[in-house]
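Coordinates as given in input-v5.cif (mmCIF, C-alpha atoms):
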```cif
data_coords
loop_
_atom_site.label_atom_id
_atom_site.label_comp_id
_atom_site.auth_asym_id
_atom_site.auth_seq_id
_atom_site.Cartn_x
_atom_site.Cartn_y
_atom_site.Cartn_z
CA MET A 31 -14.61 -4.19 -25.42
CA LEU A 32 -13.79 -4.91 -29.04
CA ASN A 33 -13.46 -8.56 -29.99
CA ALA A 34 -9.73 -9.17 -30.36
CA ALA A 35 -10.03 -11.68 -33.23
CA TRP A 36 -12.35 -9.46 -35.27
CA LEU A 37 -10.12 -6.44 -34.67
CA GLN A 38 -7.03 -8.36 -35.77
CA THR A 39 -8.77 -9.53 -38.96
CA PHE A 40 -9.88 -5.98 -39.76
CA THR A 41 -6.36 -4.62 -39.16
CA VAL A 42 -4.80 -7.18 -41.50
CA LEU A 43 -7.51 -6.50 -44.09
CA CYS A 44 -6.62 -2.79 -44.02
CA GLU A 45 -2.90 -3.52 -44.28
CA THR A 46 -3.26 -5.85 -47.27
CA GLY A 47 -6.12 -3.99 -48.96
CA SER A 48 -7.50 -7.33 -50.12
CA PHE A 49 -9.87 -9.92 -48.69
CA THR A 50 -7.92 -12.64 -50.49
CA GLN A 51 -4.53 -11.49 -49.14
CA ALA A 52 -5.94 -11.04 -45.63
CA ALA A 53 -7.40 -14.56 -45.68
CA ARG A 54 -4.05 -15.98 -46.84
CA ARG A 55 -2.07 -14.15 -44.11
CA LEU A 56 -4.52 -15.15 -41.37
CA ASN A 57 -4.90 -18.73 -42.62
CA MET A 58 -8.65 -18.17 -43.00
CA THR A 59 -11.16 -18.42 -45.81
CA GLN A 60 -12.26 -15.25 -47.60
CA PRO A 61 -15.85 -15.68 -46.32
CA GLY A 62 -14.37 -15.95 -42.82
CA VAL A 63 -12.69 -12.56 -43.23
CA SER A 64 -15.96 -11.05 -44.46
CA GLN A 65 -17.82 -12.56 -41.51
CA HIS A 66 -15.36 -11.04 -38.99
CA LEU A 67 -15.77 -7.67 -40.66
CA ARG A 68 -19.59 -7.87 -40.47
CA LYS A 69 -19.46 -8.89 -36.81
CA LEU A 70 -17.12 -6.03 -35.92
CA GLU A 71 -19.36 -3.55 -37.77
CA GLY A 72 -22.36 -4.99 -35.94
CA GLN A 73 -20.61 -4.64 -32.59
CA LEU A 74 -19.85 -0.97 -33.34
CA ASP A 75 -23.09 -0.28 -35.21
CA HIS A 76 -21.06 1.53 -37.90
CA ALA A 77 -19.84 0.63 -41.37
CA LEU A 78 -16.05 0.41 -41.42
CA ILE A 79 -15.39 0.19 -45.17
CA ALA A 80 -16.95 1.51 -48.38
CA ARG A 81 -16.71 -0.95 -51.26
CA HIS A 82 -15.69 0.10 -54.78
CA GLY A 83 -15.99 -3.03 -56.88
CA LYS A 84 -13.21 -5.35 -55.74
CA LYS A 85 -11.56 -2.52 -53.82
CA PHE A 86 -12.60 -0.64 -50.70
CA SER A 87 -11.83 2.48 -48.70
CA LEU A 88 -12.14 3.16 -45.00
CA THR A 89 -14.96 5.14 -43.51
CA PRO A 90 -14.12 7.63 -40.72
CA ALA A 91 -15.19 4.93 -38.24
CA GLY A 92 -12.92 2.44 -40.01
CA GLU A 93 -9.95 4.80 -39.79
CA ALA A 94 -10.51 5.17 -36.03
CA VAL A 95 -10.80 1.40 -35.54
CA LEU A 96 -7.63 0.81 -37.57
CA ARG A 97 -5.71 3.15 -35.26
CA ILE A 98 -6.94 1.10 -32.31
CA GLY A 99 -5.94 -2.15 -34.03
CA LEU A 100 -2.42 -0.92 -34.80
CA SER A 101 -1.99 0.48 -31.30
CA ARG A 102 -3.13 -2.76 -29.68
CA ARG A 103 -0.78 -4.78 -31.87
CA LYS A 104 2.12 -2.54 -30.85
CA GLU A 105 1.26 -3.03 -27.18
CA GLU A 106 1.02 -6.80 -27.62
CA ASP A 107 4.35 -6.89 -29.45
CA LEU A 108 5.93 -4.95 -26.58
CA LEU A 109 4.36 -7.34 -24.08
CA ARG A 110 5.70 -10.37 -25.92
CA ASP A 111 9.14 -8.80 -26.12
CA THR A 112 9.09 -8.05 -22.41
CA ILE A 113 8.06 -11.60 -21.53
CA ALA A 114 10.58 -13.13 -23.91
CA HIS A 115 13.41 -10.95 -22.65
CA ASP A 116 12.99 -10.96 -18.88
CA ARG A 117 16.39 -9.50 -18.14
CA PRO A 118 17.88 -8.59 -14.76
CA ASP A 119 19.36 -5.33 -16.07
CA VAL A 120 16.39 -3.71 -17.84
CA GLY A 121 13.17 -2.12 -16.57
CA PRO A 122 11.70 -0.63 -13.38
CA VAL A 123 12.11 -2.16 -9.92
CA SER A 124 11.21 -0.78 -6.50
CA LEU A 125 12.16 -1.41 -2.86
CA ALA A 126 10.71 0.09 0.34
CA CYS A 127 12.30 -0.31 3.76
CA SER A 128 13.31 1.60 6.87
CA GLY A 129 15.54 4.62 6.48
CA SER A 130 18.47 2.86 8.14
CA PHE A 131 18.24 -0.21 5.89
CA ALA A 132 17.85 2.08 2.85
CA LEU A 133 21.18 3.68 3.75
CA LEU A 134 22.81 0.26 3.92
CA CYS A 135 21.40 -0.73 0.51
CA ALA A 136 22.11 2.58 -1.20
CA HIS A 137 25.73 1.98 -2.23
CA PRO A 138 25.16 -1.58 -3.57
CA ILE A 139 22.15 -0.26 -5.50
CA TYR A 140 24.23 2.57 -6.98
CA THR A 141 26.80 -0.01 -8.06
CA MET A 142 24.09 -2.18 -9.62
CA MET A 143 22.63 0.81 -11.49
CA ASP A 144 26.06 1.87 -12.76
CA ALA A 145 26.48 -1.57 -14.33
CA ALA A 146 22.92 -1.56 -15.76
CA PRO A 147 22.05 1.82 -17.38
CA ALA A 148 18.61 0.54 -18.47
CA LEU A 149 17.59 -0.37 -14.92
CA ASP A 150 15.14 2.07 -13.27
CA VAL A 151 15.38 1.70 -9.48
CA CYS A 152 13.09 3.27 -6.88
CA LEU A 153 14.39 3.08 -3.29
CA GLU A 154 11.95 4.51 -0.74
CA ALA A 155 12.37 4.85 3.02
CA ALA A 156 9.02 4.36 4.73
CA PRO A 157 7.44 3.18 8.01
CA GLN A 158 6.64 -0.51 8.21
CA ALA A 159 2.89 0.01 7.72
CA SER A 160 3.52 2.01 4.54
CA VAL A 161 5.93 -0.63 3.27
CA LEU A 162 3.34 -3.38 3.64
CA ALA A 163 0.53 -1.26 2.15
CA GLY A 164 2.73 -0.33 -0.81
CA VAL A 165 3.63 -3.95 -1.56
CA LEU A 166 -0.02 -5.00 -1.32
CA ASP A 167 -1.05 -2.17 -3.69
CA GLY A 168 1.67 -3.06 -6.20
CA LYS A 169 3.51 0.22 -5.62
CA PHE A 170 6.64 -1.63 -4.43
CA ASP A 171 8.05 -4.87 -5.83
CA LEU A 172 9.85 -5.65 -2.58
CA GLY A 173 9.71 -4.51 1.02
CA VAL A 174 11.85 -5.12 4.09
CA VAL A 175 10.13 -5.08 7.50
CA ALA A 176 11.10 -5.93 11.07
CA GLN A 177 8.68 -8.81 11.62
CA ASP A 178 6.73 -11.48 9.78
CA PRO A 179 3.61 -9.72 8.43
CA ALA A 180 1.68 -13.02 8.40
CA HIS A 181 -0.55 -11.66 5.64
CA PRO A 182 -2.34 -14.13 3.32
CA ARG A 183 -1.52 -12.12 0.17
CA LEU A 184 2.15 -11.57 0.97
CA ASP A 185 5.12 -13.85 0.43
CA ALA A 186 7.54 -13.31 3.35
CA HIS A 187 11.06 -14.67 3.94
CA GLN A 188 13.28 -13.96 6.91
CA ILE A 189 16.62 -12.74 5.56
CA GLY A 190 18.47 -11.94 8.76
CA LEU A 191 18.73 -10.46 12.21
CA GLU A 192 19.77 -6.90 12.97
CA GLU A 193 21.19 -5.71 16.27
CA VAL A 194 19.68 -2.67 17.95
CA CYS A 195 22.65 -0.67 19.23
CA LEU A 196 23.41 1.95 21.85
CA VAL A 197 25.51 4.46 19.90
CA MET A 198 27.75 6.90 21.74
CA PRO A 199 30.57 9.32 20.87
CA ALA A 200 33.99 7.65 20.50
CA ALA A 201 35.19 9.38 23.67
CA ALA A 202 32.60 7.41 25.65
CA SER A 203 34.50 4.17 25.07
CA VAL A 204 36.54 4.82 28.23
CA ARG A 205 33.48 5.36 30.42
CA GLU A 206 31.27 2.82 32.13
CA VAL A 207 27.80 2.87 30.62
CA SER A 208 25.19 3.92 33.13
CA LEU A 209 21.86 5.67 33.02
CA GLN A 210 23.43 8.60 34.84
CA TYR A 211 26.10 8.93 32.16
CA LEU A 212 23.48 8.67 29.40
CA GLU A 213 21.52 11.46 31.05
CA GLU A 214 24.67 13.60 31.07
CA LEU A 215 25.09 13.03 27.34
CA GLY A 216 21.44 13.51 26.37
CA PHE A 217 19.33 11.48 23.93
CA ILE A 218 19.43 12.20 20.20
CA ALA A 219 15.83 11.29 19.42
CA HIS A 220 14.40 10.24 16.04
CA PRO A 221 11.04 8.87 14.85
CA ASP A 222 11.79 5.26 15.88
CA GLY A 223 14.27 6.16 18.62
CA TYR A 224 11.91 5.86 21.57
CA HIS A 225 10.79 2.39 20.49
CA TYR A 226 14.40 1.24 20.07
CA ALA A 227 15.41 2.79 23.39
CA ASP A 228 12.62 1.01 25.27
CA SER A 229 13.47 -2.33 23.65
CA LEU A 230 17.20 -2.13 24.52
CA LEU A 231 17.62 0.01 27.62
CA ALA A 232 14.81 -1.63 29.60
CA ARG A 233 16.61 -4.96 29.21
CA ASN A 234 19.86 -3.59 30.59
CA PHE A 235 18.92 -1.12 33.32
CA GLY A 236 15.91 -2.82 34.88
CA ASP A 237 13.70 -0.82 37.20
CA ALA A 238 16.03 2.16 37.07
CA TYR A 239 14.91 2.75 33.50
CA GLN A 240 11.58 4.58 33.54
CA GLY A 241 10.83 4.65 29.82
CA ALA A 242 12.05 6.58 26.79
CA ASP A 243 9.66 9.43 27.50
CA ARG A 244 11.63 10.13 30.69
CA LEU A 245 15.01 10.40 28.95
CA ARG A 246 16.67 13.80 28.75
CA ARG A 247 16.36 14.74 25.11
CA ARG A 248 19.19 16.71 23.57
CA ALA A 249 17.85 16.89 20.01
CA HIS A 250 15.31 15.38 17.64
CA VAL A 251 16.36 14.48 14.07
CA ASN A 252 14.17 12.95 11.33
CA GLN A 253 16.90 12.45 8.69
CA ILE A 254 18.56 9.08 9.26
CA GLY A 255 21.97 10.21 7.96
CA GLN A 256 22.13 13.06 10.47
CA ILE A 257 21.43 10.96 13.57
CA PRO A 258 24.86 9.27 13.84
CA ALA A 259 26.48 12.53 12.70
CA MET A 260 25.21 14.32 15.81
CA VAL A 261 26.51 11.52 18.01
CA ALA A 262 29.87 11.56 16.22
CA ASN A 263 30.12 15.28 16.98
CA GLY A 264 29.73 14.54 20.69
CA LEU A 265 26.25 16.02 21.04
CA GLY A 266 24.62 13.02 22.69
CA TYR A 267 23.82 9.30 22.31
CA THR A 268 21.12 7.42 20.40
CA VAL A 269 19.74 3.93 19.78
CA LEU A 270 19.74 2.70 16.18
CA PRO A 271 19.59 -0.54 14.18
CA ARG A 272 23.04 -1.55 13.02
CA SER A 273 22.14 -0.77 9.39
CA GLY A 274 21.84 2.89 10.31
CA ILE A 275 25.38 2.79 11.68
CA GLU A 276 27.24 0.66 9.13
CA ALA A 277 26.43 3.11 6.32
CA PHE A 278 27.91 6.06 8.28
CA ASP A 279 31.25 7.24 6.89
CA ARG A 280 32.81 8.26 10.23
CA LEU A 281 32.61 5.03 12.20
CA ASP A 282 35.82 5.88 14.04
CA ALA A 283 33.94 8.77 15.70
CA LEU A 284 31.31 6.41 17.14
CA HIS A 285 31.34 3.87 19.95
CA ILE A 286 28.82 1.01 20.02
CA ALA A 287 28.39 0.08 23.67
CA ARG A 288 28.56 -3.61 24.55
CA LEU A 289 25.68 -4.09 26.94
CA PRO A 290 25.07 -7.30 28.93
CA GLU A 291 21.74 -7.94 27.17
CA ARG A 292 21.85 -7.53 23.40
CA ARG A 293 18.69 -6.86 21.39
CA PHE A 294 18.05 -8.08 17.85
CA GLN A 295 15.17 -7.49 15.46
CA GLU A 296 14.23 -9.74 12.57
CA LEU A 297 14.47 -8.67 8.94
CA TRP A 298 11.81 -9.99 6.55
CA ARG A 299 11.69 -9.55 2.79
CA VAL A 300 8.11 -9.31 1.52
CA SER A 301 6.56 -9.35 -1.94
CA LEU A 302 3.10 -9.89 -3.38
CA GLY A 303 2.43 -13.61 -3.25
CA SER A 304 0.38 -13.68 -6.47
CA ARG A 305 3.13 -12.03 -8.53
CA PRO A 306 6.13 -14.14 -9.67
CA LEU A 307 9.36 -12.19 -9.31
CA SER A 308 10.88 -10.92 -12.55
CA ALA A 309 14.62 -11.32 -13.18
CA ARG A 310 15.33 -7.73 -12.14
CA VAL A 311 13.30 -8.10 -8.93
CA ARG A 312 15.15 -11.35 -8.13
CA ARG A 313 18.41 -9.46 -8.64
CA LEU A 314 17.31 -6.78 -6.20
CA ALA A 315 16.15 -9.46 -3.74
CA ASP A 316 19.64 -11.00 -3.81
CA LEU A 317 21.15 -7.58 -3.11
CA VAL A 318 18.80 -7.10 -0.15
CA ALA A 319 19.71 -10.53 1.23
CA ASP A 320 23.43 -9.74 0.93
CA ALA A 321 22.89 -6.45 2.78
CA ALA A 322 21.08 -8.27 5.58
CA GLY A 323 23.86 -10.85 5.69
CA SER A 324 26.47 -8.13 6.13
CA LEU A 325 24.74 -7.08 9.35
CA ALA A 326 25.05 -10.59 10.76
CA ARG A 327 28.79 -10.50 10.02
CA ALA A 328 29.29 -7.08 11.62
#
```
Please go through the file and, once you have read it, give me the structure as structure tokens.
Amino acid sequence: MLNAAWLQTFTVLCETGSFTQAARRLNMTQPGVSQHLRKLEGQLDHALIARHGKKFSLTPAGEAVLRIGLSRRKEEDLLRDTIAHDRPDVGPVSLACSGSFALLCAHPIYTMMDAAPALDVCLEAAPQASVLAGVLDGKFDLGVVAQDPAHPRLDAHQIGLEEVCLVMPAAASVREVSLQYLEELGFIAHPDGYHYADSLLARNFGDAYQGADRLRRRAHVNQIGQIPAMVANGLGYTVLPRSGIEAFDRLDALHIARLPERRFQELWRVSLGSRPLSARVRRLADLVADAAGSLARA
């Protein structure tokens, strides 16, 4: 790797065209400028200038090194500008979470982006394991998961609780909830549906409930927005986190059954512990916390 101080001296020397002017700009002596040049040439094992009396011209190697020097200065200037202007409305920011929580966050994120045209937001729905791996790899600035990851390299904060709900067609509001009635309706399955069903239905139907794998399946859907839509159309029932319901635009077509034993899952915001949050990431973190808070108020 090129010595940064020698490269900077050489770049200024090329810009001024004079050892005297370069020394003045760098607050060095003229012999000091010459010494940096010799050391850089020694490091590269190539002459960088050809002297012509008190003047000089660049060799092909010198021209190549000057391009590197100018490029590195531009990158450093950009870095300084970025650090000095850590703004909440400029730059890239990324969030990974479950599909249901992504739906809940989507509209607030759209609103944030509309007010900040220079903000580049990535919102990705992913399984919990992929969320954690992405945060650890630096792919995502923030993640939201359903339990404390207890990982030494992650910074985790609980931001709320989310109810796991039995979701039925609106017409079911006049019926008593029973396993027999659920079997008549049929289960609208989805990738996490069996896990949610086991966690909620086992609590409420005891030994009569034989596991999600024994439920009569009516359909299987892997797009989170279509799951409540099928229920709203009277095609069956499902079990979803509340975030997957609150974002649905036809809530009047759904009925959330009030079971004797309610089930809640935790919501944890995670980020890489070694990376301080930038202003734009803090802004997104506040949005995520507000979204989680809305579930507690629902």
Long-range neighbours of A:Ala91 as a ChimeraX atom specification, 10 Å cut-off, all atoms listed in the file, 6 positions minimum in chain: /A:71,74-79
Hey, what comes out of the PyMOL selection byres ((chain A and resi 296-309) around 9) on this file? Could you write it as an MDAnalysis selection string? chainID A and resid 116:119 162 165:168 170:179 182:193 294:295 310:315 318:319 322
I need the chosen residues saved as a PDB file, in the coordinates of the input, with C-alpha atoms.
```pdb
ATOM      1  CA  ASP A 116      12.990 -10.960 -18.880  1.00  0.00           C
ATOM      2  CA  ARG A 117      16.390  -9.500 -18.140  1.00  0.00           C
ATOM      3  CA  PRO A 118      17.880  -8.590 -14.760  1.00  0.00           C
ATOM      4  CA  ASP A 119      19.360  -5.330 -16.070  1.00  0.00           C
ATOM      5  CA  LEU A 162       3.340  -3.380   3.640  1.00  0.00           C
ATOM      6  CA  VAL A 165       3.630  -3.950  -1.560  1.00  0.00           C
ATOM      7  CA  LEU A 166      -0.020  -5.000  -1.320  1.00  0.00           C
ATOM      8  CA  ASP A 167      -1.050  -2.170  -3.690  1.00  0.00           C
ATOM      9  CA  GLY A 168       1.670  -3.060  -6.200  1.00  0.00           C
ATOM     10  CA  PHE A 170       6.640  -1.630  -4.430  1.00  0.00           C
ATOM     11  CA  ASP A 171       8.050  -4.870  -5.830  1.00  0.00           C
ATOM     12  CA  LEU A 172       9.850  -5.650  -2.580  1.00  0.00           C
ATOM     13  CA  GLY A 173       9.710  -4.510   1.020  1.00  0.00           C
ATOM     14  CA  VAL A 174      11.850  -5.120   4.090  1.00  0.00           C
ATOM     15  CA  VAL A 175      10.130  -5.080   7.500  1.00  0.00           C
ATOM     16  CA  ALA A 176      11.100  -5.930  11.070  1.00  0.00           C
ATOM     17  CA  GLN A 177       8.680  -8.810  11.620  1.00  0.00           C
ATOM     18  CA  ASP A 178       6.730 -11.480   9.780  1.00  0.00           C
ATOM     19  CA  PRO A 179       3.610  -9.720   8.430  1.00  0.00           C
ATOM     20  CA  PRO A 182      -2.340 -14.130   3.320  1.00  0.00           C
ATOM     21  CA  ARG A 183      -1.520 -12.120   0.170  1.00  0.00           C
ATOM     22  CA  LEU A 184       2.150 -11.570   0.970  1.00  0.00           C
ATOM     23  CA  ASP A 185       5.120 -13.850   0.430  1.00  0.00           C
ATOM     24  CA  ALA A 186       7.540 -13.310   3.350  1.00  0.00           C
ATOM     25  CA  HIS A 187      11.060 -14.670   3.940  1.00  0.00           C
ATOM     26  CA  GLN A 188      13.280 -13.960   6.910  1.00  0.00           C
ATOM     27  CA  ILE A 189      16.620 -12.740   5.560  1.00  0.00           C
ATOM     28  CA  GLY A 190      18.470 -11.940   8.760  1.00  0.00           C
ATOM     29  CA  LEU A 191      18.730 -10.460  12.210  1.00  0.00           C
ATOM     30  CA  GLU A 192      19.770  -6.900  12.970  1.00  0.00           C
ATOM     31  CA  GLU A 193      21.190  -5.710  16.270  1.00  0.00           C
ATOM     32  CA  PHE A 294      18.050  -8.080  17.850  1.00  0.00           C
ATOM     33  CA  GLN A 295      15.170  -7.490  15.460  1.00  0.00           C
ATOM     34  CA  ARG A 310      15.330  -7.730 -12.140  1.00  0.00           C
ATOM     35  CA  VAL A 311      13.300  -8.100  -8.930  1.00  0.00           C
ATOM     36  CA  ARG A 312      15.150 -11.350  -8.130  1.00  0.00           C
ATOM     37  CA  ARG A 313      18.410  -9.460  -8.640  1.00  0.00           C
ATOM     38  CA  LEU A 314      17.310  -6.780  -6.200  1.00  0.00           C
ATOM     39  CA  ALA A 315      16.150  -9.460  -3.740  1.00  0.00           C
ATOM     40  CA  VAL A 318      18.800  -7.100  -0.150  1.00  0.00           C
ATOM     41  CA  ALA A 319      19.710 -10.530   1.230  1.00  0.00           C
ATOM     42  CA  ALA A 322      21.080  -8.270   5.580  1.00  0.00           C
TER      43      ALA A 322
END
```
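Shortest separation to A:Val120 among A:Met143, A:Leu231, A:Val269, A:Cys135 occurs at residue A:Met143, atoms counted being all atoms listed in the file.
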Exactly which residues make up the result of the PyMOL selection byres ((chain A and resi 256) around 12) on this file, given as a list in words?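 Here the PyMOL selection byres ((chain A and resi 256) around 12) matches Gly129, Ser130, Leu133, Ile218, Ala219, His220, Ala249, His250, Val251, Asn252, Gln253, Ile254, Gly255, Ile257, Pro258, Ala259, Met260, Val261, Ala262, Asn263, Leu265, Thr268, Gly274, Ile275, Ala277, Phe278, Asp279 and Arg280 of chain A.
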Pairwise distance for atom CA of A:Ala232 and atom CA of A:Arg293, rounded to one decimal in Å: 10.5 Å
For A:Arg97, work out the shell of residues within 12 Å, counting only C-alpha atoms and skipping chain neighbours fewer than 3 positions away, then give it as a list in words. Leu37, Gln38, Phe40, Thr41, Cys44, Glu45, Leu88, Pro90, Ala91, Gly92, Glu93, Ala94, Leu100, Ser101, Arg102, Arg103 and Lys104 of chain A
Excluding same-chain residues fewer than 4 positions from A:Leu270, what lies within 7 Å of it counting only C-alpha atoms, as JSON, numbers by chain? {"A": [194, 195, 196, 223, 226, 274]}
Please indicate the distance in Å from atom CA of A:Gly216 to atom CA of A:Leu325, rounded to one decimal place.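 Straight-line distance from atom CA of A:Gly216 to atom CA of A:Leu325 works out to 26.9 Å.
The environment of stretch 205-207 of chain A within 12 Å, counting all atoms listed in the file and disregarding residues fewer than 3 places along the same chain, consists of A:Leu196, A:Val197, A:Met198, A:Pro199, A:Ala200, A:Ala201, A:Ala202, A:Gln210, A:Tyr211, A:Leu212, A:Glu213, A:Glu214, A:Leu215, A:Leu231, A:Asn234, A:Phe235, A:Tyr267, A:His285, A:Ile286, A:Ala287, A:Arg288, A:Leu289, A:Pro290.
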Neighbouring residues of A:Ser128 were defined as those with any atom within 6 Å, considering all atoms listed in the file; residues of the same chain fewer than 2 positions away were excluded. Please report them as a PyMOL selection string. chain A and resi 130-131+155-156
